[in-house]
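Asks: I have a structure here, written as structure tokens, and I will follow up with some questions on it.
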Amino acid sequence: MFKTKLMLAIAALGMSAVASADIGGSTANGEFVFSAFDRDSGVGYTYELDDAGFNSLFGSDVRMNSLIGSTNTTSAVGFTVTQNAAGGVIFDYALPSFTDFLSGAVPANVVWNVTSIDTSGLRRLVQTVNAVPAATPYTNAALNASAAKLNEYFGAVNGKIEGADDGYALTVEADSSAYAGFNGRNFGGQGYDSFGSLDASLNMFVFGGTSSSSSSSAASLMGQIQDANGMDVLAKVYMGQDGMYHLQITAVPEPSTYAMLLAGLGLLGFAARRARG
């Protein structure tokens, strides 16, 4: 019954949507997109990240270059956040109509990711990762193929985005390449698993090509996105006090930094106890 309701809601959106969003196409500076799906239920959700969630940190029309700069060469790719965020929060925004999507899904089966691509020249792919990638990243051929698969999905779902900009789409498997689960968990088997469960915190990585050739077996470049203080950037989904699910992207200390902080607090506590004694 839930799935039937969702199908009817999607049909209504299809009739009223203004299909003017543009999250795909040939660009060297893609927007950021949140996707979620439940393969068992065959329902999906796509959200073009709203500029408001960045709290004006990067201005308007926030894209890949806004977050990590435009460095993209055969020897270097940018992975440092261009602006440090107060309190470490880079993005935080309620996911519009995400509860409508969940009404047709089984939350325990839902997985999600955040992605951005450039699809011209040397490719770049920003993605969440379910596990820290191996030392040898994508080959150029696999990176180019992953970017092409992601671009196919972006281009197809554009026509279903609700709203003129920074909108969302509810999809089902019958929508084919517009379905949020179209690429599976790893871009059709080409790359790293980019999806995690609703209770997961996912690292964010950037992969940069060293060749635009679709047959190059050379390794691409790879970097974990960090802020200027060297804090790792993570993404998570959480239930806010407003009763809505939020996507949050934050820069957090590495485990070693936490260990040093706890050790320092322990020493302070020990010194305080000695002073009282």
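Chain identifiers are assigned as A, B, and so on, following the order in which chains appear in the structure tokens; residues are numbered from 1 within each chain, and ligands are numbered from 1 in order of appearance.
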May I have a table of the residues of range 60-86 of chain A lying at most 10 Å from range 196-212 of chain A, giving each one's closest pair of atoms and their distance in Å to one decimal, counting only C-alpha atoms, ordered by chain and ascending residue number, as a tab-separated table?

Replies:
residue	atom	partner	partner_atom	distance
A:Met64	CA	A:Val206	CA	9.9
A:Ile68	CA	A:Val206	CA	9.1
A:Thr71	CA	A:Gly208	CA	9.5
A:Asn72	CA	A:Gly208	CA	6.7
A:Thr73	CA	A:Thr210	CA	6.8
A:Thr74	CA	A:Thr210	CA	4.2
A:Ser75	CA	A:Thr210	CA	7.2
A:Ala76	CA	A:Gly208	CA	8.0
A:Val77	CA	A:Gly208	CA	5.9
A:Gly78	CA	A:Val206	CA	7.9
A:Phe79	CA	A:Val206	CA	6.4
A:Thr80	CA	A:Val206	CA	9.9

Asks: Any chance you can output those residues with all heavy atoms as a PDB file, in the first residue's frame?

Replies:
ATOM      1  N   MET A  64      31.452  21.657  -7.134  1.00  0.00           N
ATOM      2  CA  MET A  64      32.674  20.984  -6.726  1.00  0.00           C
ATOM      3  C   MET A  64      33.805  21.980  -6.459  1.00  0.00           C
ATOM      4  O   MET A  64      34.492  21.909  -5.439  1.00  0.00           O
ATOM      5  CB  MET A  64      33.102  19.973  -7.782  1.00  0.00           C
ATOM      6  CG  MET A  64      34.311  19.135  -7.376  1.00  0.00           C
ATOM      7  SD  MET A  64      34.958  18.094  -8.717  1.00  0.00           S
ATOM      8  CE  MET A  64      33.578  17.004  -9.023  1.00  0.00           C
ATOM      9  N   ILE A  68      36.271  22.355  -3.058  1.00  0.00           N
ATOM     10  CA  ILE A  68      37.670  21.908  -3.033  1.00  0.00           C
ATOM     11  C   ILE A  68      38.557  22.614  -4.060  1.00  0.00           C
ATOM     12  O   ILE A  68      39.697  22.195  -4.273  1.00  0.00           O
ATOM     13  CB  ILE A  68      37.771  20.384  -3.252  1.00  0.00           C
ATOM     14  CG1 ILE A  68      37.146  19.983  -4.602  1.00  0.00           C
ATOM     15  CG2 ILE A  68      37.140  19.635  -2.094  1.00  0.00           C
ATOM     16  CD1 ILE A  68      37.356  18.521  -4.962  1.00  0.00           C
ATOM     17  N   THR A  71      41.820  22.768  -8.767  1.00  0.00           N
ATOM     18  CA  THR A  71      43.037  22.025  -9.110  1.00  0.00           C
ATOM     19  C   THR A  71      42.690  20.651  -9.655  1.00  0.00           C
ATOM     20  O   THR A  71      42.045  19.843  -8.985  1.00  0.00           O
ATOM     21  CB  THR A  71      43.955  21.863  -7.884  1.00  0.00           C
ATOM     22  OG1 THR A  71      44.284  23.149  -7.380  1.00  0.00           O
ATOM     23  CG2 THR A  71      45.235  21.123  -8.248  1.00  0.00           C
ATOM     24  N   ASN A  72      43.118  20.389 -10.875  1.00  0.00           N
ATOM     25  CA  ASN A  72      42.800  19.118 -11.525  1.00  0.00           C
ATOM     26  C   ASN A  72      43.793  18.915 -12.665  1.00  0.00           C
ATOM     27  O   ASN A  72      43.535  19.284 -13.801  1.00  0.00           O
ATOM     28  CB  ASN A  72      41.360  19.132 -12.051  1.00  0.00           C
ATOM     29  CG  ASN A  72      40.953  17.797 -12.631  1.00  0.00           C
ATOM     30  OD1 ASN A  72      41.495  16.759 -12.273  1.00  0.00           O
ATOM     31  ND2 ASN A  72      39.986  17.814 -13.537  1.00  0.00           N
ATOM     32  N   THR A  73      44.956  18.366 -12.335  1.00  0.00           N
ATOM     33  CA  THR A  73      46.014  18.149 -13.307  1.00  0.00           C
ATOM     34  C   THR A  73      46.450  16.690 -13.260  1.00  0.00           C
ATOM     35  O   THR A  73      45.951  15.903 -12.446  1.00  0.00           O
ATOM     36  CB  THR A  73      47.230  19.044 -13.009  1.00  0.00           C
ATOM     37  OG1 THR A  73      47.855  18.599 -11.792  1.00  0.00           O
ATOM     38  CG2 THR A  73      46.808  20.503 -12.837  1.00  0.00           C
ATOM     39  N   THR A  74      47.396  16.329 -14.108  1.00  0.00           N
ATOM     40  CA  THR A  74      47.892  14.951 -14.110  1.00  0.00           C
ATOM     41  C   THR A  74      48.761  14.650 -12.905  1.00  0.00           C
ATOM     42  O   THR A  74      49.094  13.487 -12.654  1.00  0.00           O
ATOM     43  CB  THR A  74      48.703  14.683 -15.388  1.00  0.00           C
ATOM     44  OG1 THR A  74      49.777  15.637 -15.472  1.00  0.00           O
ATOM     45  CG2 THR A  74      47.832  14.799 -16.622  1.00  0.00           C
ATOM     46  N   SER A  75      49.120  15.675 -12.137  1.00  0.00           N
ATOM     47  CA  SER A  75      49.986  15.451 -10.970  1.00  0.00           C
ATOM     48  C   SER A  75      49.367  15.865  -9.648  1.00  0.00           C
ATOM     49  O   SER A  75      49.897  15.549  -8.585  1.00  0.00           O
ATOM     50  CB  SER A  75      51.315  16.198 -11.149  1.00  0.00           C
ATOM     51  OG  SER A  75      51.088  17.595 -11.298  1.00  0.00           O
ATOM     52  N   ALA A  76      48.253  16.561  -9.679  1.00  0.00           N
ATOM     53  CA  ALA A  76      47.635  17.029  -8.426  1.00  0.00           C
ATOM     54  C   ALA A  76      46.139  17.217  -8.611  1.00  0.00           C
ATOM     55  O   ALA A  76      45.672  17.601  -9.685  1.00  0.00           O
ATOM     56  CB  ALA A  76      48.260  18.346  -7.973  1.00  0.00           C
ATOM     57  N   VAL A  77      45.419  16.953  -7.541  1.00  0.00           N
ATOM     58  CA  VAL A  77      43.981  17.203  -7.519  1.00  0.00           C
ATOM     59  C   VAL A  77      43.642  17.832  -6.173  1.00  0.00           C
ATOM     60  O   VAL A  77      44.221  17.462  -5.145  1.00  0.00           O
ATOM     61  CB  VAL A  77      43.176  15.900  -7.738  1.00  0.00           C
ATOM     62  CG1 VAL A  77      43.398  14.909  -6.613  1.00  0.00           C
ATOM     63  CG2 VAL A  77      41.686  16.201  -7.892  1.00  0.00           C
ATOM     64  N   GLY A  78      42.749  18.820  -6.163  1.00  0.00           N
ATOM     65  CA  GLY A  78      42.408  19.498  -4.917  1.00  0.00           C
ATOM     66  C   GLY A  78      41.569  18.625  -3.999  1.00  0.00           C
ATOM     67  O   GLY A  78      40.655  17.945  -4.461  1.00  0.00           O
ATOM     68  N   PHE A  79      41.887  18.634  -2.707  1.00  0.00           N
ATOM     69  CA  PHE A  79      41.080  17.885  -1.742  1.00  0.00           C
ATOM     70  C   PHE A  79      40.917  18.640  -0.431  1.00  0.00           C
ATOM     71  O   PHE A  79      40.370  18.106   0.533  1.00  0.00           O
ATOM     72  CB  PHE A  79      41.664  16.491  -1.484  1.00  0.00           C
ATOM     73  CG  PHE A  79      43.048  16.496  -0.877  1.00  0.00           C
ATOM     74  CD1 PHE A  79      43.227  16.534   0.498  1.00  0.00           C
ATOM     75  CD2 PHE A  79      44.170  16.471  -1.679  1.00  0.00           C
ATOM     76  CE1 PHE A  79      44.499  16.542   1.055  1.00  0.00           C
ATOM     77  CE2 PHE A  79      45.446  16.471  -1.136  1.00  0.00           C
ATOM     78  CZ  PHE A  79      45.614  16.520   0.241  1.00  0.00           C
ATOM     79  N   THR A  80      41.366  19.894  -0.364  1.00  0.00           N
ATOM     80  CA  THR A  80      41.228  20.700   0.844  1.00  0.00           C
ATOM     81  C   THR A  80      40.056  21.658   0.685  1.00  0.00           C
ATOM     82  O   THR A  80      39.960  22.374  -0.322  1.00  0.00           O
ATOM     83  CB  THR A  80      42.505  21.506   1.127  1.00  0.00           C
ATOM     84  OG1 THR A  80      43.607  20.612   1.251  1.00  0.00           O
ATOM     85  CG2 THR A  80      42.373  22.291   2.427  1.00  0.00           C
TER      86      THR A  80
END

Asks: What are the DSSP strand (DSSP E or B) residues of range 90-166 of chain A, as a list in words?

Replies: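 Answer for range 90-166 of chain A restricted to strand (DSSP E or B) is Ile90, Phe91, Asp92, Tyr93, Ala94, Val111, Trp112, Asn113, Val114, Thr115, Ser116, Ile117, Asp118, Arg124, Leu125, Val126, Gln127, Thr128, Val129, Thr139 and Glu162 of chain A.
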
Asks: Store the residues picked out above, limited to N, CA, C and O atoms, as a PDB file, in the first residue's frame.

Replies:
ATOM      1  N   ILE A  90      29.909  22.000   7.502  1.00  0.00           N
ATOM      2  CA  ILE A  90      30.009  22.504   6.131  1.00  0.00           C
ATOM      3  C   ILE A  90      28.634  22.588   5.482  1.00  0.00           C
ATOM      4  O   ILE A  90      28.333  23.536   4.764  1.00  0.00           O
ATOM      5  N   PHE A  91      27.801  21.585   5.745  1.00  0.00           N
ATOM      6  CA  PHE A  91      26.452  21.563   5.171  1.00  0.00           C
ATOM      7  C   PHE A  91      25.509  20.930   6.175  1.00  0.00           C
ATOM      8  O   PHE A  91      25.845  19.916   6.801  1.00  0.00           O
ATOM      9  N   ASP A  92      24.328  21.502   6.333  1.00  0.00           N
ATOM     10  CA  ASP A  92      23.284  20.905   7.174  1.00  0.00           C
ATOM     11  C   ASP A  92      21.939  21.423   6.680  1.00  0.00           C
ATOM     12  O   ASP A  92      21.690  22.626   6.697  1.00  0.00           O
ATOM     13  N   TYR A  93      21.096  20.481   6.233  1.00  0.00           N
ATOM     14  CA  TYR A  93      19.803  20.891   5.674  1.00  0.00           C
ATOM     15  C   TYR A  93      18.831  19.721   5.737  1.00  0.00           C
ATOM     16  O   TYR A  93      19.235  18.568   5.557  1.00  0.00           O
ATOM     17  N   ALA A  94      17.579  20.041   6.003  1.00  0.00           N
ATOM     18  CA  ALA A  94      16.543  19.008   6.018  1.00  0.00           C
ATOM     19  C   ALA A  94      16.311  18.486   4.609  1.00  0.00           C
ATOM     20  O   ALA A  94      16.235  19.267   3.652  1.00  0.00           O
ATOM     21  N   VAL A 111      20.009   2.769   1.648  1.00  0.00           N
ATOM     22  CA  VAL A 111      21.401   3.228   1.601  1.00  0.00           C
ATOM     23  C   VAL A 111      21.440   4.574   0.883  1.00  0.00           C
ATOM     24  O   VAL A 111      20.532   4.911   0.113  1.00  0.00           O
ATOM     25  N   TRP A 112      22.485   5.360   1.120  1.00  0.00           N
ATOM     26  CA  TRP A 112      22.571   6.714   0.579  1.00  0.00           C
ATOM     27  C   TRP A 112      24.017   7.063   0.253  1.00  0.00           C
ATOM     28  O   TRP A 112      24.953   6.453   0.766  1.00  0.00           O
ATOM     29  N   ASN A 113      24.182   8.068  -0.608  1.00  0.00           N
ATOM     30  CA  ASN A 113      25.509   8.592  -0.877  1.00  0.00           C
ATOM     31  C   ASN A 113      25.434  10.074  -1.229  1.00  0.00           C
ATOM     32  O   ASN A 113      24.349  10.641  -1.388  1.00  0.00           O
ATOM     33  N   VAL A 114      26.608  10.707  -1.338  1.00  0.00           N
ATOM     34  CA  VAL A 114      26.743  12.067  -1.848  1.00  0.00           C
ATOM     35  C   VAL A 114      27.793  12.026  -2.946  1.00  0.00           C
ATOM     36  O   VAL A 114      28.867  11.445  -2.756  1.00  0.00           O
ATOM     37  N   THR A 115      27.493  12.631  -4.099  1.00  0.00           N
ATOM     38  CA  THR A 115      28.412  12.589  -5.232  1.00  0.00           C
ATOM     39  C   THR A 115      28.438  13.922  -5.971  1.00  0.00           C
ATOM     40  O   THR A 115      27.514  14.727  -5.880  1.00  0.00           O
ATOM     41  N   SER A 116      29.518  14.126  -6.701  1.00  0.00           N
ATOM     42  CA  SER A 116      29.648  15.236  -7.641  1.00  0.00           C
ATOM     43  C   SER A 116      30.670  14.812  -8.690  1.00  0.00           C
ATOM     44  O   SER A 116      31.611  14.077  -8.370  1.00  0.00           O
ATOM     45  N   ILE A 117      30.497  15.263  -9.933  1.00  0.00           N
ATOM     46  CA  ILE A 117      31.418  14.865 -10.992  1.00  0.00           C
ATOM     47  C   ILE A 117      31.797  16.049 -11.865  1.00  0.00           C
ATOM     48  O   ILE A 117      31.105  17.051 -11.900  1.00  0.00           O
ATOM     49  N   ASP A 118      32.944  15.909 -12.544  1.00  0.00           N
ATOM     50  CA  ASP A 118      33.133  16.670 -13.765  1.00  0.00           C
ATOM     51  C   ASP A 118      33.306  15.659 -14.891  1.00  0.00           C
ATOM     52  O   ASP A 118      33.827  14.560 -14.697  1.00  0.00           O
ATOM     53  N   ARG A 124      37.007  14.221 -12.657  1.00  0.00           N
ATOM     54  CA  ARG A 124      37.048  14.170 -11.197  1.00  0.00           C
ATOM     55  C   ARG A 124      35.736  13.581 -10.710  1.00  0.00           C
ATOM     56  O   ARG A 124      34.682  13.814 -11.286  1.00  0.00           O
ATOM     57  N   LEU A 125      35.820  12.853  -9.634  1.00  0.00           N
ATOM     58  CA  LEU A 125      34.645  12.285  -8.983  1.00  0.00           C
ATOM     59  C   LEU A 125      34.791  12.498  -7.488  1.00  0.00           C
ATOM     60  O   LEU A 125      35.760  12.042  -6.877  1.00  0.00           O
ATOM     61  N   VAL A 126      33.851  13.234  -6.897  1.00  0.00           N
ATOM     62  CA  VAL A 126      33.756  13.351  -5.442  1.00  0.00           C
ATOM     63  C   VAL A 126      32.684  12.382  -4.986  1.00  0.00           C
ATOM     64  O   VAL A 126      31.580  12.368  -5.542  1.00  0.00           O
ATOM     65  N   GLN A 127      32.994  11.574  -4.000  1.00  0.00           N
ATOM     66  CA  GLN A 127      32.013  10.609  -3.526  1.00  0.00           C
ATOM     67  C   GLN A 127      32.232  10.283  -2.057  1.00  0.00           C
ATOM     68  O   GLN A 127      33.341  10.379  -1.527  1.00  0.00           O
ATOM     69  N   THR A 128      31.155   9.906  -1.395  1.00  0.00           N
ATOM     70  CA  THR A 128      31.280   9.259  -0.101  1.00  0.00           C
ATOM     71  C   THR A 128      31.794   7.838  -0.342  1.00  0.00           C
ATOM     72  O   THR A 128      31.622   7.281  -1.428  1.00  0.00           O
ATOM     73  N   VAL A 129      32.440   7.268   0.655  1.00  0.00           N
ATOM     74  CA  VAL A 129      32.934   5.896   0.528  1.00  0.00           C
ATOM     75  C   VAL A 129      32.496   5.090   1.742  1.00  0.00           C
ATOM     76  O   VAL A 129      32.498   5.573   2.871  1.00  0.00           O
ATOM     77  N   THR A 139      41.588   3.133 -11.838  1.00  0.00           N
ATOM     78  CA  THR A 139      42.307   3.423 -13.076  1.00  0.00           C
ATOM     79  C   THR A 139      41.550   4.542 -13.788  1.00  0.00           C
ATOM     80  O   THR A 139      40.381   4.805 -13.487  1.00  0.00           O
ATOM     81  N   GLU A 162      11.781  18.111  -8.714  1.00  0.00           N
ATOM     82  CA  GLU A 162      10.675  18.984  -8.343  1.00  0.00           C
ATOM     83  C   GLU A 162      11.237  20.340  -7.944  1.00  0.00           C
ATOM     84  O   GLU A 162      12.043  20.445  -7.018  1.00  0.00           O
TER      85      GLU A 162
END

Asks: For each of A:Tyr45, A:Phe187, A:Tyr168, A:Phe34, take the minimum atom-to-atom distance to Gly104 in chain A, counting only C-alpha atoms, then give the residue where this is smallest.

Replies: A:Tyr45

Asks: Can you pull out every residue within 10 Å of Tyr245 in chain A, counting only C-alpha atoms, but drop anything in the same chain fewer than 3 positions away, and send it as a list of chain:residue names?

Replies: A:Tyr93, A:Ala94, A:Leu95, A:Pro96, A:Ser97, A:Phe98, A:Thr99, A:Leu198, A:Val237, A:Tyr238, A:Met239, A:Gly240, A:Gln241, A:Asp242, A:Gln248

Asks: If you run DSSP on the backbone here, which positions in range 29-149 of chain A get helix (DSSP H, G or I)? Please write them as a VMD selection string.

Replies: chain A and resid 51 to 54 64 to 68 86 to 88 98 to 103 107 to 109 140 to 149

Asks: Can you list, as an MDAnalysis selection string, every protein, DNA or RNA residue that comes within 6 Å of range 48-52 of chain A when you count only C-alpha atoms, leaving out same-chain residues fewer than 3 positions away?

Replies: chainID A and resid 32:33 55 60 166:167

Asks: Export, as a PDB file, in the first residue's frame, the selected residues with N, CA, C and O atoms.

Replies:
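Saved to again.pdb:
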ATOM      1  N   PHE A  32      26.530  19.073  -6.154  1.00  0.00           N
ATOM      2  CA  PHE A  32      26.503  17.941  -5.238  1.00  0.00           C
ATOM      3  C   PHE A  32      25.094  17.372  -5.152  1.00  0.00           C
ATOM      4  O   PHE A  32      24.114  18.118  -5.080  1.00  0.00           O
ATOM      5  N   VAL A  33      25.024  16.058  -5.143  1.00  0.00           N
ATOM      6  CA  VAL A  33      23.737  15.364  -5.186  1.00  0.00           C
ATOM      7  C   VAL A  33      23.714  14.282  -4.109  1.00  0.00           C
ATOM      8  O   VAL A  33      24.679  13.523  -3.946  1.00  0.00           O
ATOM      9  N   ASN A  55      25.001  27.490   4.307  1.00  0.00           N
ATOM     10  CA  ASN A  55      24.985  28.673   5.161  1.00  0.00           C
ATOM     11  C   ASN A  55      25.859  29.798   4.592  1.00  0.00           C
ATOM     12  O   ASN A  55      26.605  30.464   5.317  1.00  0.00           O
ATOM     13  N   SER A  60      26.550  31.409  -3.644  1.00  0.00           N
ATOM     14  CA  SER A  60      25.441  30.730  -4.316  1.00  0.00           C
ATOM     15  C   SER A  60      25.967  29.795  -5.392  1.00  0.00           C
ATOM     16  O   SER A  60      27.152  29.827  -5.745  1.00  0.00           O
ATOM     17  N   ASP A 166      17.722  23.240  -6.934  1.00  0.00           N
ATOM     18  CA  ASP A 166      17.962  22.631  -5.629  1.00  0.00           C
ATOM     19  C   ASP A 166      16.742  21.849  -5.146  1.00  0.00           C
ATOM     20  O   ASP A 166      16.300  21.994  -4.006  1.00  0.00           O
ATOM     21  N   GLY A 167      16.204  21.012  -6.019  1.00  0.00           N
ATOM     22  CA  GLY A 167      15.003  20.261  -5.692  1.00  0.00           C
ATOM     23  C   GLY A 167      15.281  18.797  -5.474  1.00  0.00           C
ATOM     24  O   GLY A 167      16.421  18.367  -5.301  1.00  0.00           O
TER      25      GLY A 167
END

Asks: Report the distance between CA of Asn109 in chain A and CA of Arg39 in chain A in Å, rounded to one decimal place.

Replies: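 Computed distance, CA of Asn109 in chain A to CA of Arg39 in chain A, equals 7.7 Å.
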
Asks: CA of Ser217 in chain A and CA of Ser120 in chain A are how many Å apart?

Replies: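 Computing it gives 18.4 Å between the two atoms.
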
Asks: From the list A:Ala85, A:Val172, A:Ala145, A:Ala178, which residue is nearest Lys160 in chain A when using only C-alpha atoms?

Replies: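 Counting only C-alpha atoms, the residue closest to Lys160 in chain A is A:Ala178.
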
Asks: Just to confirm, what's the straight-line distance from CA of Ala105 in chain A to CA of Asn130 in chain A in Å (one decimal)?

Replies: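 Value for the CA of Ala105 in chain A-CA of Asn130 in chain A distance: 20.9 Å.
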
Asks: With distances taken over only C-alpha atoms, which residue among A:Asp40, A:Asp193, A:Asp227, A:Glu31 lies nearest Asp61 in chain A?

Replies: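 For Asp61 in chain A, the nearest of the given residues is A:Glu31.
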
Asks: Near Leu67 in chain A, counting only C-alpha atoms, which residues have an atom at most 7 Å away, once you skip same-chain residues fewer than 4 positions from it, shown as a PyMOL selection string?

Replies: chain A and resi 63+81-82
